[in-house]
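S.K.: My file is upload_5.cif. It has mmCIF, C-alpha atoms and all ligand atoms:
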```
data_final
#
loop_
_atom_site.label_atom_id
_atom_site.label_comp_id
_atom_site.auth_asym_id
_atom_site.auth_seq_id
_atom_site.Cartn_x
_atom_site.Cartn_y
_atom_site.Cartn_z
CA MET L 1 -55.50 -121.24 -0.66
CA LEU L 2 -56.74 -120.66 2.85
CA GLN L 3 -60.00 -122.44 3.61
CA LYS L 4 -61.88 -119.95 5.72
CA ASP L 5 -64.44 -122.45 6.97
CA VAL L 6 -61.95 -124.36 9.12
CA ASP L 7 -62.26 -123.43 12.79
CA PHE L 8 -58.95 -124.31 14.38
CA ALA L 9 -60.44 -124.09 17.87
CA VAL L 10 -62.26 -127.36 17.15
CA TYR L 11 -60.01 -128.68 14.36
CA ARG L 12 -58.34 -131.30 16.52
CA LYS L 13 -61.68 -132.77 17.66
CA GLN L 14 -62.74 -133.16 14.02
CA ASN L 15 -59.49 -134.29 12.43
CA PRO L 16 -58.91 -137.01 11.65
CA THR L 17 -62.43 -138.34 10.98
CA LYS L 18 -63.27 -141.61 12.71
CA ASP L 19 -61.89 -143.49 9.70
CA GLY L 20 -58.63 -141.64 10.00
CA TYR L 21 -58.99 -139.03 7.24
CA PHE L 22 -57.56 -135.52 7.17
CA GLY L 23 -59.47 -134.24 4.14
CA THR L 24 -58.68 -136.86 1.48
CA TYR L 25 -55.41 -137.91 3.14
CA GLY L 26 -54.80 -140.69 5.67
CA GLY L 27 -57.06 -143.73 6.06
CA ALA L 28 -55.98 -147.30 6.73
CA PHE L 29 -54.92 -149.39 3.74
CA VAL L 30 -54.08 -152.65 5.50
CA PRO L 31 -54.32 -156.32 4.48
CA PRO L 32 -57.75 -157.81 5.39
CA GLN L 33 -56.34 -160.02 8.15
CA LEU L 34 -55.04 -156.93 9.94
CA ALA L 35 -58.16 -154.78 9.62
CA ALA L 36 -59.71 -156.13 12.83
CA GLU L 37 -56.43 -155.69 14.72
CA PHE L 38 -56.12 -152.06 13.63
CA ASP L 39 -59.75 -151.48 14.66
CA LYS L 40 -58.84 -152.89 18.06
CA ILE L 41 -55.85 -150.55 18.38
CA SER L 42 -58.07 -147.67 17.31
CA GLN L 43 -60.69 -148.57 19.93
CA ALA L 44 -58.02 -148.93 22.58
CA TYR L 45 -56.62 -145.54 21.69
CA GLN L 46 -60.07 -143.90 22.07
CA THR L 47 -60.72 -145.56 25.44
CA ILE L 48 -57.54 -146.68 27.25
CA CYS L 49 -55.35 -143.77 26.19
CA GLN L 50 -57.97 -141.21 27.23
CA SER L 51 -58.41 -142.76 30.69
CA SER L 52 -57.08 -140.80 33.64
CA LYS L 53 -55.04 -143.83 34.73
CA PHE L 54 -53.18 -144.00 31.40
CA ILE L 55 -52.69 -140.24 31.26
CA SER L 56 -51.31 -139.95 34.78
CA GLU L 57 -49.01 -142.95 34.28
CA LEU L 58 -47.62 -141.45 31.07
CA ARG L 59 -47.21 -138.09 32.79
CA ARG L 60 -45.17 -139.69 35.56
CA ILE L 61 -42.97 -141.52 33.01
CA ARG L 62 -42.37 -138.27 31.13
CA LYS L 63 -41.26 -136.52 34.30
CA GLU L 64 -39.28 -139.22 36.10
CA PHE L 65 -37.80 -141.25 33.22
CA GLN L 66 -37.65 -138.94 30.21
CA GLY L 67 -36.68 -135.81 32.11
CA ARG L 68 -39.60 -133.65 30.97
CA PRO L 69 -40.40 -130.86 30.72
CA THR L 70 -37.46 -130.04 28.46
CA PRO L 71 -36.50 -126.34 28.58
CA THR L 72 -37.28 -123.60 26.12
CA TYR L 73 -34.14 -121.52 25.64
CA HIS L 74 -33.53 -117.98 24.34
CA CYS L 75 -30.57 -117.99 21.91
CA GLU L 76 -29.23 -114.53 22.69
CA ARG L 77 -25.92 -114.73 20.87
CA LEU L 78 -27.44 -116.29 17.75
CA SER L 79 -30.25 -113.68 17.79
CA ASN L 80 -27.76 -110.82 18.12
CA ALA L 81 -25.69 -112.22 15.27
CA LEU L 82 -28.80 -112.33 13.04
CA GLY L 83 -30.17 -108.86 13.89
CA ASN L 84 -33.39 -108.02 15.73
CA VAL L 85 -35.35 -111.27 15.63
CA GLN L 86 -35.26 -113.32 18.84
CA ILE L 87 -34.69 -117.06 18.33
CA TYR L 88 -35.87 -119.58 20.92
CA LEU L 89 -35.21 -123.34 20.93
CA LYS L 90 -37.42 -126.07 22.34
CA ARG L 91 -34.74 -128.41 23.67
CA GLU L 92 -35.92 -131.88 22.63
CA ASP L 93 -32.22 -132.73 22.38
CA LEU L 94 -32.37 -132.89 26.19
CA ASN L 95 -35.17 -135.47 26.21
CA HIS L 96 -33.84 -138.92 27.30
CA THR L 97 -32.02 -140.66 24.39
CA GLY L 98 -31.38 -137.25 22.85
CA ALA L 99 -34.39 -136.67 20.61
CA HIS L 100 -38.16 -136.29 20.50
CA LYS L 101 -38.82 -139.84 19.25
CA LEU L 102 -39.03 -141.26 22.77
CA ASN L 103 -42.20 -139.17 23.35
CA HIS L 104 -44.30 -141.40 21.10
CA CYS L 105 -42.36 -144.61 21.76
CA MET L 106 -43.16 -144.39 25.49
CA GLY L 107 -46.83 -143.80 24.64
CA GLU L 108 -46.87 -146.75 22.23
CA GLY L 109 -45.08 -148.94 24.79
CA LEU L 110 -47.54 -148.06 27.53
CA LEU L 111 -50.46 -148.84 25.21
CA ALA L 112 -48.85 -152.20 24.33
CA LYS L 113 -48.64 -153.00 28.03
CA TYR L 114 -52.31 -152.14 28.59
CA LEU L 115 -53.24 -154.34 25.60
CA GLY L 116 -51.31 -157.27 27.11
CA LYS L 117 -48.82 -157.42 24.21
CA LYS L 118 -45.45 -159.09 24.80
CA LYS L 119 -43.38 -157.53 22.04
CA LEU L 120 -42.79 -154.33 20.07
CA ILE L 121 -41.93 -154.65 16.37
CA ALA L 122 -40.56 -151.96 14.08
CA GLU L 123 -38.15 -151.25 11.28
CA THR L 124 -35.44 -148.64 11.41
CA GLY L 125 -33.27 -146.88 8.84
CA ALA L 126 -30.58 -144.86 10.57
CA GLY L 127 -31.46 -146.55 13.85
CA GLN L 128 -32.91 -143.58 15.75
CA HIS L 129 -36.43 -145.02 15.91
CA GLY L 130 -35.00 -148.44 16.77
CA VAL L 131 -33.02 -147.03 19.70
CA ALA L 132 -36.02 -145.09 21.05
CA LEU L 133 -38.29 -148.12 20.75
CA ALA L 134 -35.70 -150.46 22.30
CA THR L 135 -35.50 -148.00 25.21
CA ALA L 136 -39.29 -148.12 25.66
CA ALA L 137 -39.26 -151.94 25.46
CA ALA L 138 -36.56 -152.15 28.15
CA PHE L 139 -38.53 -149.76 30.38
CA PHE L 140 -41.76 -151.77 30.06
CA GLY L 141 -40.11 -155.21 30.11
CA LEU L 142 -41.31 -156.07 26.60
CA GLY L 143 -39.54 -157.94 23.82
CA CYS L 144 -38.37 -155.87 20.87
CA ASP L 145 -37.61 -156.93 17.29
CA ILE L 146 -36.08 -154.24 15.09
CA TYR L 147 -35.84 -154.97 11.36
CA MET L 148 -32.93 -153.29 9.64
CA GLY L 149 -31.36 -153.55 6.20
CA GLU L 150 -27.87 -155.07 6.17
CA VAL L 151 -26.47 -151.97 4.47
CA ASP L 152 -27.85 -149.77 7.27
CA ILE L 153 -26.57 -152.18 9.94
CA ALA L 154 -23.07 -151.75 8.55
CA LYS L 155 -23.40 -147.94 8.37
CA GLN L 156 -24.99 -147.40 11.79
CA ALA L 157 -22.83 -149.51 14.08
CA PRO L 158 -23.22 -147.34 17.23
CA ASN L 159 -27.04 -147.40 17.04
CA VAL L 160 -27.02 -151.16 16.40
CA ALA L 161 -24.84 -151.57 19.50
CA ARG L 162 -27.21 -149.38 21.55
CA MET L 163 -30.26 -151.41 20.49
CA ARG L 164 -28.51 -154.68 21.42
CA LEU L 165 -27.40 -153.28 24.79
CA LEU L 166 -30.99 -152.29 25.45
CA GLY L 167 -32.04 -155.90 24.87
CA ALA L 168 -33.57 -155.62 21.40
CA ARG L 169 -33.10 -158.21 18.67
CA VAL L 170 -31.80 -156.52 15.52
CA VAL L 171 -33.03 -158.62 12.60
CA PRO L 172 -30.92 -158.15 9.43
CA VAL L 173 -32.84 -157.81 6.17
CA SER L 174 -30.79 -159.09 3.27
CA HIS L 175 -32.95 -158.80 0.16
CA GLY L 176 -33.26 -156.02 -2.42
CA LEU L 177 -31.21 -152.91 -1.68
CA LYS L 178 -30.98 -154.01 1.99
CA THR L 179 -32.11 -150.62 3.31
CA LEU L 180 -35.20 -149.02 4.87
CA LYS L 181 -37.75 -149.96 2.20
CA GLU L 182 -36.99 -153.69 2.52
CA ALA L 183 -36.91 -153.37 6.33
CA VAL L 184 -40.45 -151.89 6.28
CA ASP L 185 -41.69 -154.89 4.25
CA ALA L 186 -39.91 -157.41 6.49
CA ALA L 187 -41.23 -155.84 9.71
CA PHE L 188 -44.75 -155.84 8.32
CA GLU L 189 -44.44 -159.50 7.23
CA ALA L 190 -43.32 -160.44 10.73
CA TYR L 191 -46.18 -158.47 12.27
CA LEU L 192 -48.69 -160.38 10.10
CA GLN L 193 -47.53 -163.59 11.82
CA GLU L 194 -47.37 -162.18 15.35
CA TYR L 195 -50.08 -159.59 15.80
CA ASP L 196 -51.75 -161.50 18.67
CA ASP L 197 -48.67 -161.01 20.85
CA ALA L 198 -46.97 -158.03 19.28
CA ILE L 199 -47.71 -154.48 18.24
CA TYR L 200 -46.15 -152.70 15.29
CA CYS L 201 -44.84 -149.32 16.42
CA ILE L 202 -44.59 -146.69 13.72
CA GLY L 203 -41.83 -144.13 14.08
CA SER L 204 -43.62 -140.98 12.95
CA VAL L 205 -47.08 -139.53 12.13
CA LEU L 206 -47.33 -142.11 9.33
CA GLY L 207 -48.88 -145.44 8.48
CA PRO L 208 -52.47 -146.60 8.70
CA HIS L 209 -54.98 -144.98 11.09
CA PRO L 210 -54.78 -144.63 14.11
CA PHE L 211 -50.97 -144.10 14.05
CA PRO L 212 -50.91 -140.58 12.56
CA LEU L 213 -53.42 -139.52 15.23
CA MET L 214 -51.76 -141.40 18.08
CA VAL L 215 -48.22 -140.25 17.35
CA ARG L 216 -49.38 -136.64 16.92
CA ASP L 217 -51.14 -136.71 20.27
CA PHE L 218 -48.18 -138.34 22.06
CA GLN L 219 -45.84 -135.70 20.55
CA MET L 220 -48.08 -132.75 21.43
CA VAL L 221 -46.43 -132.60 24.83
CA VAL L 222 -43.62 -130.73 23.02
CA GLY L 223 -45.84 -127.88 21.81
CA ILE L 224 -47.97 -127.72 24.94
CA GLU L 225 -44.86 -127.28 27.09
CA ALA L 226 -43.20 -124.86 24.68
CA ARG L 227 -46.29 -122.65 24.37
CA ALA L 228 -46.63 -122.31 28.15
CA GLN L 229 -42.88 -121.79 28.60
CA PHE L 230 -42.74 -119.14 25.90
CA LEU L 231 -45.70 -117.27 27.42
CA GLU L 232 -44.06 -117.42 30.83
CA MET L 233 -40.69 -116.20 29.53
CA THR L 234 -41.91 -113.38 27.31
CA GLY L 235 -45.57 -112.66 28.15
CA ASN L 236 -46.43 -113.29 24.49
CA LEU L 237 -46.72 -116.01 21.90
CA PRO L 238 -43.93 -116.35 19.31
CA ASP L 239 -44.56 -114.78 15.88
CA ALA L 240 -43.48 -117.98 14.15
CA VAL L 241 -42.82 -121.64 14.96
CA VAL L 242 -40.46 -123.78 12.84
CA ALA L 243 -39.79 -127.54 12.76
CA CYS L 244 -38.08 -129.95 10.37
CA VAL L 245 -40.23 -132.55 8.60
CA GLY L 246 -39.17 -136.12 7.85
CA GLY L 247 -42.33 -138.09 8.49
CA GLY L 248 -43.54 -135.10 10.46
CA SER L 249 -43.79 -136.15 14.12
CA ASN L 250 -41.69 -133.47 15.80
CA ALA L 251 -43.38 -130.85 13.60
CA ALA L 252 -46.86 -132.14 14.47
CA GLY L 253 -45.86 -132.12 18.13
CA ILE L 254 -44.74 -128.52 18.30
CA LEU L 255 -47.10 -126.98 15.69
CA THR L 256 -50.46 -128.50 16.68
CA PRO L 257 -50.95 -126.55 19.95
CA PHE L 258 -50.42 -123.29 18.00
CA LEU L 259 -52.96 -124.02 15.22
CA ASP L 260 -55.60 -121.74 16.72
CA ASP L 261 -53.15 -118.93 17.56
CA PRO L 262 -52.16 -115.92 15.43
CA VAL L 263 -48.76 -117.52 14.84
CA ALA L 264 -47.11 -118.33 11.48
CA LEU L 265 -46.25 -122.04 11.25
CA TYR L 266 -43.49 -123.56 9.12
CA GLY L 267 -42.35 -127.09 8.23
CA VAL L 268 -38.89 -127.56 6.70
CA GLU L 269 -38.15 -130.34 4.21
CA PRO L 270 -34.68 -131.56 3.19
CA LEU L 271 -33.57 -130.34 -0.26
CA GLY L 272 -30.41 -132.46 0.02
CA ARG L 273 -28.10 -131.84 -2.97
CA GLY L 274 -30.85 -130.22 -5.06
CA PRO L 275 -34.24 -130.65 -6.70
CA GLU L 276 -33.29 -133.52 -9.08
CA LYS L 277 -35.03 -136.83 -8.41
CA GLY L 278 -32.99 -138.91 -5.97
CA ASP L 279 -31.09 -135.91 -4.59
CA HIS L 280 -33.61 -134.82 -1.93
CA ALA L 281 -36.51 -135.98 0.24
CA ALA L 282 -38.80 -132.94 -0.02
CA SER L 283 -42.01 -134.95 -0.39
CA LEU L 284 -44.55 -132.15 -0.01
CA THR L 285 -42.58 -129.77 -2.23
CA TYR L 286 -42.06 -132.14 -5.17
CA GLY L 287 -44.44 -135.05 -4.54
CA THR L 288 -47.84 -136.14 -5.84
CA GLU L 289 -50.84 -137.79 -4.24
CA GLY L 290 -50.84 -141.54 -3.76
CA VAL L 291 -50.97 -144.49 -1.35
CA MET L 292 -47.88 -145.99 0.25
CA HIS L 293 -47.19 -147.90 3.49
CA GLY L 294 -50.90 -148.07 4.34
CA PHE L 295 -51.99 -144.43 4.03
CA ARG L 296 -52.83 -141.80 1.41
CA SER L 297 -50.64 -138.71 1.29
CA ILE L 298 -48.25 -136.74 -0.89
CA MET L 299 -45.26 -138.78 -1.92
CA LEU L 300 -42.23 -139.04 -4.16
CA GLN L 301 -43.14 -141.89 -6.51
CA ASP L 302 -42.58 -143.28 -9.99
CA GLU L 303 -45.29 -143.99 -12.60
CA ASN L 304 -46.12 -147.30 -10.87
CA GLY L 305 -46.60 -145.74 -7.45
CA GLU L 306 -43.31 -147.21 -6.18
CA PRO L 307 -41.34 -144.92 -3.86
CA ASP L 308 -38.62 -142.85 -5.55
CA PRO L 309 -35.11 -143.03 -4.11
CA VAL L 310 -34.59 -140.27 -1.54
CA TYR L 311 -31.55 -138.62 0.00
CA SER L 312 -30.69 -136.13 2.73
CA ILE L 313 -27.56 -135.47 4.74
CA ALA L 314 -29.88 -136.00 7.73
CA SER L 315 -30.88 -139.65 7.53
CA GLY L 316 -33.86 -139.05 9.86
CA LEU L 317 -35.43 -136.88 7.14
CA ASP L 318 -35.05 -139.14 4.11
CA TYR L 319 -38.51 -140.65 3.80
CA PRO L 320 -40.38 -140.58 0.44
CA SER L 321 -43.71 -139.45 1.91
CA VAL L 322 -45.04 -137.34 4.75
CA GLY L 323 -47.69 -137.66 7.45
CA PRO L 324 -51.19 -137.20 5.96
CA GLU L 325 -52.07 -134.34 8.31
CA HIS L 326 -49.18 -132.26 6.97
CA ALA L 327 -50.54 -132.66 3.43
CA TYR L 328 -53.91 -131.44 4.72
CA LEU L 329 -52.50 -128.50 6.70
CA ARG L 330 -50.59 -127.44 3.61
CA ASP L 331 -53.75 -127.55 1.46
CA LEU L 332 -55.60 -125.55 4.13
CA GLY L 333 -52.85 -122.94 3.98
CA ARG L 334 -52.30 -123.19 7.75
CA VAL L 335 -48.70 -124.48 7.66
CA ALA L 336 -46.18 -123.36 5.02
CA TYR L 337 -43.53 -125.87 3.92
CA HIS L 338 -40.11 -124.77 2.67
CA THR L 339 -36.84 -126.51 1.88
CA ILE L 340 -33.28 -126.28 3.21
CA SER L 341 -30.26 -127.82 1.46
CA ASP L 342 -27.53 -129.99 2.98
CA SER L 343 -25.12 -127.09 2.79
CA GLU L 344 -27.45 -124.65 4.58
CA ALA L 345 -28.14 -127.23 7.29
CA VAL L 346 -24.42 -127.78 7.85
CA ASP L 347 -23.88 -124.00 8.17
CA ALA L 348 -26.59 -123.85 10.85
CA PHE L 349 -25.04 -126.90 12.57
CA PHE L 350 -21.72 -125.04 12.93
CA ARG L 351 -23.32 -121.73 13.82
CA LEU L 352 -25.54 -123.00 16.62
CA SER L 353 -22.67 -125.06 18.06
CA ARG L 354 -20.29 -122.14 18.02
CA LEU L 355 -22.65 -119.37 19.18
CA GLU L 356 -24.77 -121.24 21.73
CA GLY L 357 -22.90 -124.35 22.87
CA ILE L 358 -25.64 -126.56 21.45
CA ILE L 359 -24.74 -129.15 18.82
CA PRO L 360 -28.02 -129.93 17.03
CA ALA L 361 -28.89 -133.08 15.08
CA LEU L 362 -28.48 -132.49 11.33
CA GLU L 363 -32.27 -132.98 11.10
CA SER L 364 -32.87 -130.16 13.58
CA ALA L 365 -30.22 -128.02 11.86
CA HIS L 366 -32.64 -127.80 8.89
CA ALA L 367 -35.16 -126.04 11.16
CA VAL L 368 -32.49 -123.76 12.62
CA ALA L 369 -31.28 -122.87 9.11
CA TYR L 370 -34.78 -121.94 7.98
CA ALA L 371 -35.31 -119.84 11.13
CA MET L 372 -32.10 -117.96 10.31
CA LYS L 373 -33.43 -117.19 6.80
CA LEU L 374 -36.85 -116.25 8.12
CA ALA L 375 -35.27 -113.90 10.68
CA GLY L 376 -33.79 -111.95 7.77
CA GLU L 377 -37.20 -111.67 6.11
CA MET L 378 -39.08 -110.73 9.30
CA GLY L 379 -36.68 -108.06 10.52
CA SER L 380 -38.20 -108.13 14.02
CA GLY L 381 -40.23 -110.43 16.25
CA SER L 382 -39.60 -113.90 17.61
CA ILE L 383 -39.24 -117.45 16.29
CA LEU L 384 -39.60 -120.68 18.25
CA VAL L 385 -37.62 -123.57 16.72
CA ASN L 386 -37.96 -127.23 17.61
CA CYS L 387 -34.47 -128.58 18.30
CA SER L 388 -35.70 -132.13 17.73
CA GLY L 389 -32.45 -133.87 18.69
CA ARG L 390 -28.78 -133.60 19.60
CA GLY L 391 -25.98 -133.87 17.09
CA ASP L 392 -23.56 -136.26 18.79
CA LYS L 393 -24.47 -138.92 16.21
CA ASP L 394 -23.45 -136.54 13.39
CA ILE L 395 -20.16 -135.13 14.68
CA ASP L 396 -17.78 -137.59 12.98
CA PHE L 397 -19.55 -137.30 9.65
CA VAL L 398 -19.64 -133.50 9.67
CA LEU L 399 -15.98 -133.12 10.60
CA GLU L 400 -14.90 -135.66 7.98
CA HIS L 401 -16.85 -133.98 5.15
CA TYR L 402 -17.07 -130.33 6.21
CA GLY L 403 -14.11 -129.93 8.57
CA ASP L 404 -12.82 -127.04 6.44
CA ARG L 405 -15.74 -124.89 7.64
CA LEU L 406 -14.65 -125.29 11.25
CA GLY L 407 -13.00 -121.89 11.58
CA GLU L 408 -15.80 -119.95 9.88
CA LYS L 409 -17.95 -117.63 11.95
C1 LIG A 501 -36.24 -138.97 13.23
C2 LIG A 501 -35.87 -137.59 13.48
C3 LIG A 501 -36.50 -136.52 12.82
C4 LIG A 501 -37.52 -136.72 11.75
O1 LIG A 501 -38.69 -137.35 12.14
P1 LIG A 501 -40.08 -136.56 12.24
O2 LIG A 501 -41.08 -137.64 12.41
O3 LIG A 501 -40.27 -135.77 11.00
O4 LIG A 501 -39.99 -135.69 13.43
C5 LIG A 501 -36.14 -135.23 13.16
N1 LIG A 501 -35.19 -134.98 14.08
C6 LIG A 501 -34.55 -135.97 14.73
C7 LIG A 501 -33.50 -135.62 15.73
C8 LIG A 501 -34.86 -137.31 14.46
O5 LIG A 501 -34.22 -138.30 15.11
#
```
Just give me the structure as C-alpha cells.
Ligand SMILES: *Cc1c(COP(=O)(O)O)cnc(C)c1O

M.R.:
Amino acid sequence: MLQKDVDFAVYRKQNPTKDGYFGTYGGAFVPPQLAAEFDKISQAYQTICQSSKFISELRRIRKEFQGRPTPTYHCERLSNALGNVQIYLKREDLNHTGAHKLNHCMGEGLLAKYLGKKKLIAETGAGQHGVALATAAAFFGLGCDIYMGEVDIAKQAPNVARMRLLGARVVPVSHGLKTLKEAVDAAFEAYLQEYDDAIYCIGSVLGPHPFPLMVRDFQMVVGIEARAQFLEMTGNLPDAVVACVGGGSNAAGILTPFLDDPVALYGVEPLGRGPEKGDHAASLTYGTEGVMHGFRSIMLQDENGEPDPVYSIASGLDYPSVGPEHAYLRDLGRVAYHTISDSEAVDAFFRLSRLEGIIPALESAHAVAYAMKLAGEMGSGSILVNCSGRGDKDIDFVLEHYGDRLGEK
C-alpha cells in the first residue's frame, strides 16, 4: 500500500514530527520525572548536534579513531557463484570494535560530554552494545555502568571481559529470568536515580524520542559513504539495498540515504527455528501494534502487552519489537521486510567465509542470505548488502553446532 503523497526528498525533514512520531509510531512514553530530561536531550540534539563544532569533532573521531570510511567491496566470487547479479558489501565489520554499533555510541558519548554528563548507562543482552558503549566511555573519559542479566553474563564471558578491560562496571541483574528484559528495567531504574549526572544510551533506533531519530542520524554515515562509494565504483546506484533488522539501526543507517532513489530497499528479520511463538524474533512480520520500552511500534506481545519470548541464532537480532520508523516505512510501502531462518543464515555464513575471505556476524549473515535469494529472483543487476559486523564472536558456536557443513560448497 504505497502512499503516493510522501515526498522522500523532504521525508527526513518531516519525520519524525517534533514529538517524535513517524505516522502513529514512536513518541516518548516516559515516567513524568523523566519527561523534562528527555525534552532537554531533544533540545540538545536539535542545537548542539547540528552545530559545526559537534559535526566536525564527530567527523574527526570517525576518521582517526573508528577508521572510517569503511570500504564498499565487490564480491566477485560470490556473485559469479550466484549467476549474473553483482553483490557488494558495505564493510561495517571493519569499523573499530567490529560492528556498526560504535557509530551511534560515539555520537551519544560526544553528546554526553557536551551536556556535562559524567556517566553512560545502558543494558546489554549479548554484550555487543555494552562493548561499543564501554569503548565510547573510555574514549571520552566517562564512567560506564552496563546492566546485564546473570544468565547473559555467564553466556557471554568474552564480552564481559572486554567491557571490564575498557573500564566499565558490569552490574549483574539477578531477578526474573536474569536476561535482557530484566536488564532493561534495572538500567532504567538506575537512570531514574542518576539522570542529573548520567545519560541512558539506547543501543538501536528504539526507545523514547529523540533516540530513534538520533541513532538513525548517527548511523546514516554508513549509507552516505556506501552510496558515494557505489557511485564511484560503478557509475550507478545499486538496484537493491539489504540490511538485517534487530532493533533496526544498521538498516536505518544504510537505507535512509537511498529513500529518495529508484532503489528497492529490504530489511531482513530473523525467522529463527520457525514461525511458532518463541521460535523467532520477526517483529514486523508477526507482531501487532503496541507500546513497549517507551515507544509505540509493532511488537511481539501477549494479551497483556507483555513482550513475548524471542529467539534467533543471532543474539543481536532477538528483540521483541522494532524501531518505529521501520514500522512506518513498511506501512508506506517504501521498505519491504522479509525473513531468513537460522539455517539459511548459517549457510550464508559459510558461503561468504569460503568464497570471499570475510567471516560475517550471524546477524549480518541474515542480510547476505536474503541477498543470495534475491539475486536468484532478480536475474541481473546489483545488490548492496550491509555487512553490519564481523563473525569472530560466532565462530566457536557455529563450528560446535554446524561443523558438519564445513566441507560444503
Ligand atoms: C546489534 C547488531 C545488529 C542488530 O542491531 P540493529 O540495531 O538492528 O542494527 C546487527 N548486526 C550486528 C553485527 C550487531 O552487533

S.K.: Given a cut-off of 9 Å, what residues near ligand LIG 501 (chain A) show up using only C-alpha atoms and all ligand atoms, put as a PyMOL selection string?

M.R.: chain L and resi 92-93+98-101+126-129+203-206+243-253+269+314-319+322-323+360-365+386-391

S.K.: Any chance you could work out the axis-aligned box around segment 291-307 of chain L, listed atoms only, 3 Å on each side, giving centre and edge lengths in Å to one decimal, as JSON?

M.R.:
```
{"center_x": -47.1, "center_y": -142.4, "center_z": -4.1, "size_x": 17.5, "size_y": 17.3, "size_z": 22.9}
```

S.K.: By how many Å are atom CA of Val10 of chain L and atom CA of Phe22 of chain L apart?

M.R.: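 According to the coordinates, atom CA of Val10 of chain L and atom CA of Phe22 of chain L are separated by 13.7 Å.
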
S.K.: Which residue, L:Gln229, L:Gln50, L:Thr288, L:Ser382, has the smallest gap to Thr70 of chain L when you use all atoms listed in the file?

M.R.: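 Between L:Gln229, L:Gln50, L:Thr288, L:Ser382, the residue approaching Thr70 of chain L most closely is L:Gln229.
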
S.K.: Skip Ser174 of chain L itself and residues of its chain fewer than 3 positions away, then list as a list in words all residues within 7 Å of it, counting all atoms listed in the file.

M.R.: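 Close residues of Ser174 of chain L: Gly149, Glu150 and Lys178 of chain L.
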
S.K.: Restricted to C-alpha atoms, what would the selected residues look like written as a PDB file, keeping the file's coordinate frame?

M.R.:
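Printed below is part_4.pdb as written:
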```
ATOM      1  CA  GLY L 149     -31.360-153.550   6.200  1.00  0.00           C
ATOM      2  CA  GLU L 150     -27.870-155.070   6.170  1.00  0.00           C
ATOM      3  CA  LYS L 178     -30.980-154.010   1.990  1.00  0.00           C
TER       4      LYS L 178
END
```

S.K.: Pick out the residues sitting within 9 Å of Ala369 of chain L, and hand them over as a list of chain:residue names; count all atoms listed in the file, and ignore anything fewer than 5 positions along from it in its own chain.

M.R.: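 The residues that qualify are L:Ile340, L:Glu344, L:Ala345, L:Val346, L:Asp347, L:Ala348, L:Phe349, L:Ser364, L:Leu374.
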
S.K.: Measuring atom to atom with all atoms listed in the file, identify which of L:Glu400, L:Asp308, L:Glu64, L:Glu225 is nearest to Glu276 of chain L.

M.R.: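 Answer, going by the shortest atom-to-atom distance: L:Asp308.
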
S.K.: Please report the interatomic distance between atom CA of Met372 of chain L and atom CA of Arg273 of chain L in Å with one decimal.

M.R.: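 These two atoms are separated by 19.6 Å.
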
S.K.: Compare L:Ser51, L:Gln86, L:Thr17, L:Asn103 by their minimum atom-to-atom distance to Arg216 of chain L, counting only C-alpha atoms, and give me the closest one.

M.R.: L:Asn103

S.K.: Mind listing as a list in words all residues within 12 Å of (-41.2, -107.6, 13.5), counting only C-alpha atoms?

M.R.: Gly83, Asn84, Val85, Gln86, Pro238, Asp239, Ala240, Leu374, Ala375, Gly376, Glu377, Met378, Gly379, Ser380, Gly381, Ser382 and Ile383 of chain L

S.K.: Would you mind exporting the chosen residues as a compact mmCIF listing (two decimals), in the frame of the given file, restricted to C-alpha atoms?

M.R.:
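Once everything was written out, this is result17.txt:
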```txt
# COMPACT_ATOMS: atom_id res chain seq x y z
CA GLY L 83 -30.17 -108.86 13.89
CA ASN L 84 -33.39 -108.02 15.73
CA VAL L 85 -35.35 -111.27 15.63
CA GLN L 86 -35.26 -113.32 18.84
CA PRO L 238 -43.93 -116.35 19.31
CA ASP L 239 -44.56 -114.78 15.88
CA ALA L 240 -43.48 -117.98 14.15
CA LEU L 374 -36.85 -116.25 8.12
CA ALA L 375 -35.27 -113.90 10.68
CA GLY L 376 -33.79 -111.95 7.77
CA GLU L 377 -37.20 -111.67 6.11
CA MET L 378 -39.08 -110.73 9.30
CA GLY L 379 -36.68 -108.06 10.52
CA SER L 380 -38.20 -108.13 14.02
CA GLY L 381 -40.23 -110.43 16.25
CA SER L 382 -39.60 -113.90 17.61
CA ILE L 383 -39.24 -117.45 16.29
```

S.K.: At what distance in Å, to one decimal, does atom CA of Thr24 of chain L lie from atom CA of Val184 of chain L?

M.R.: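 Atom-to-atom, atom CA of Val184 of chain L and atom CA of Thr24 of chain L are spaced 24.1 Å apart.
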
S.K.: Just checking: using all atoms listed in the file, which residue out of L:Val151, L:Leu111, L:Leu399, L:Val222 ends up closest to Tyr45 of chain L?

M.R.: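 Result for the nearest residue to Tyr45 of chain L: L:Leu111.
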
S.K.: Would you list the contacts of Gly116 of chain L as a VMD selection string, taking every protein, DNA or RNA residue within 12 Å and counting only C-alpha atoms, but skipping same-chain residues closer than 5 positions in sequence?

M.R.: chain L and resid 41 44 109 to 111 140 to 142 195 to 199

S.K.: I'd like to know which of L:Ala183, L:Cys144, L:Ala161, L:Ala132 is closest to Lys119 of chain L, using all atoms listed in the file.

M.R.: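 Selected residue with least distance to Lys119 of chain L: L:Cys144.
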
S.K.: Would you mind telling me which residue in L:Phe350, L:Phe397, L:Tyr402, L:Phe211 lies nearest to Asp39 of chain L when using all atoms listed in the file?

M.R.: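 Looking only at the distances to Asp39 of chain L, the closest residue turns out to be L:Phe211.
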
S.K.: Extract, using only C-alpha atoms, all DNA, RNA and protein residues at most 10 Å from Arg227 of chain L, discarding same-chain residues fewer than 2 positions from it, and format them as a compact mmCIF listing (two decimals) with C-alpha atoms, in the frame of the given file.

M.R.:
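Contents of part37.txt, freshly written:
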```txt
# COMPACT_ATOMS: atom_id res chain seq x y z
CA THR L 72 -37.28 -123.60 26.12
CA LYS L 90 -37.42 -126.07 22.34
CA VAL L 221 -46.43 -132.60 24.83
CA VAL L 222 -43.62 -130.73 23.02
CA GLY L 223 -45.84 -127.88 21.81
CA ILE L 224 -47.97 -127.72 24.94
CA GLU L 225 -44.86 -127.28 27.09
CA GLN L 229 -42.88 -121.79 28.60
CA PHE L 230 -42.74 -119.14 25.90
CA LEU L 231 -45.70 -117.27 27.42
CA GLU L 232 -44.06 -117.42 30.83
CA MET L 233 -40.69 -116.20 29.53
CA ASN L 236 -46.43 -113.29 24.49
CA LEU L 237 -46.72 -116.01 21.90
CA PRO L 238 -43.93 -116.35 19.31
CA ILE L 254 -44.74 -128.52 18.30
CA LEU L 255 -47.10 -126.98 15.69
CA PRO L 257 -50.95 -126.55 19.95
CA PHE L 258 -50.42 -123.29 18.00
CA LEU L 384 -39.60 -120.68 18.25
```
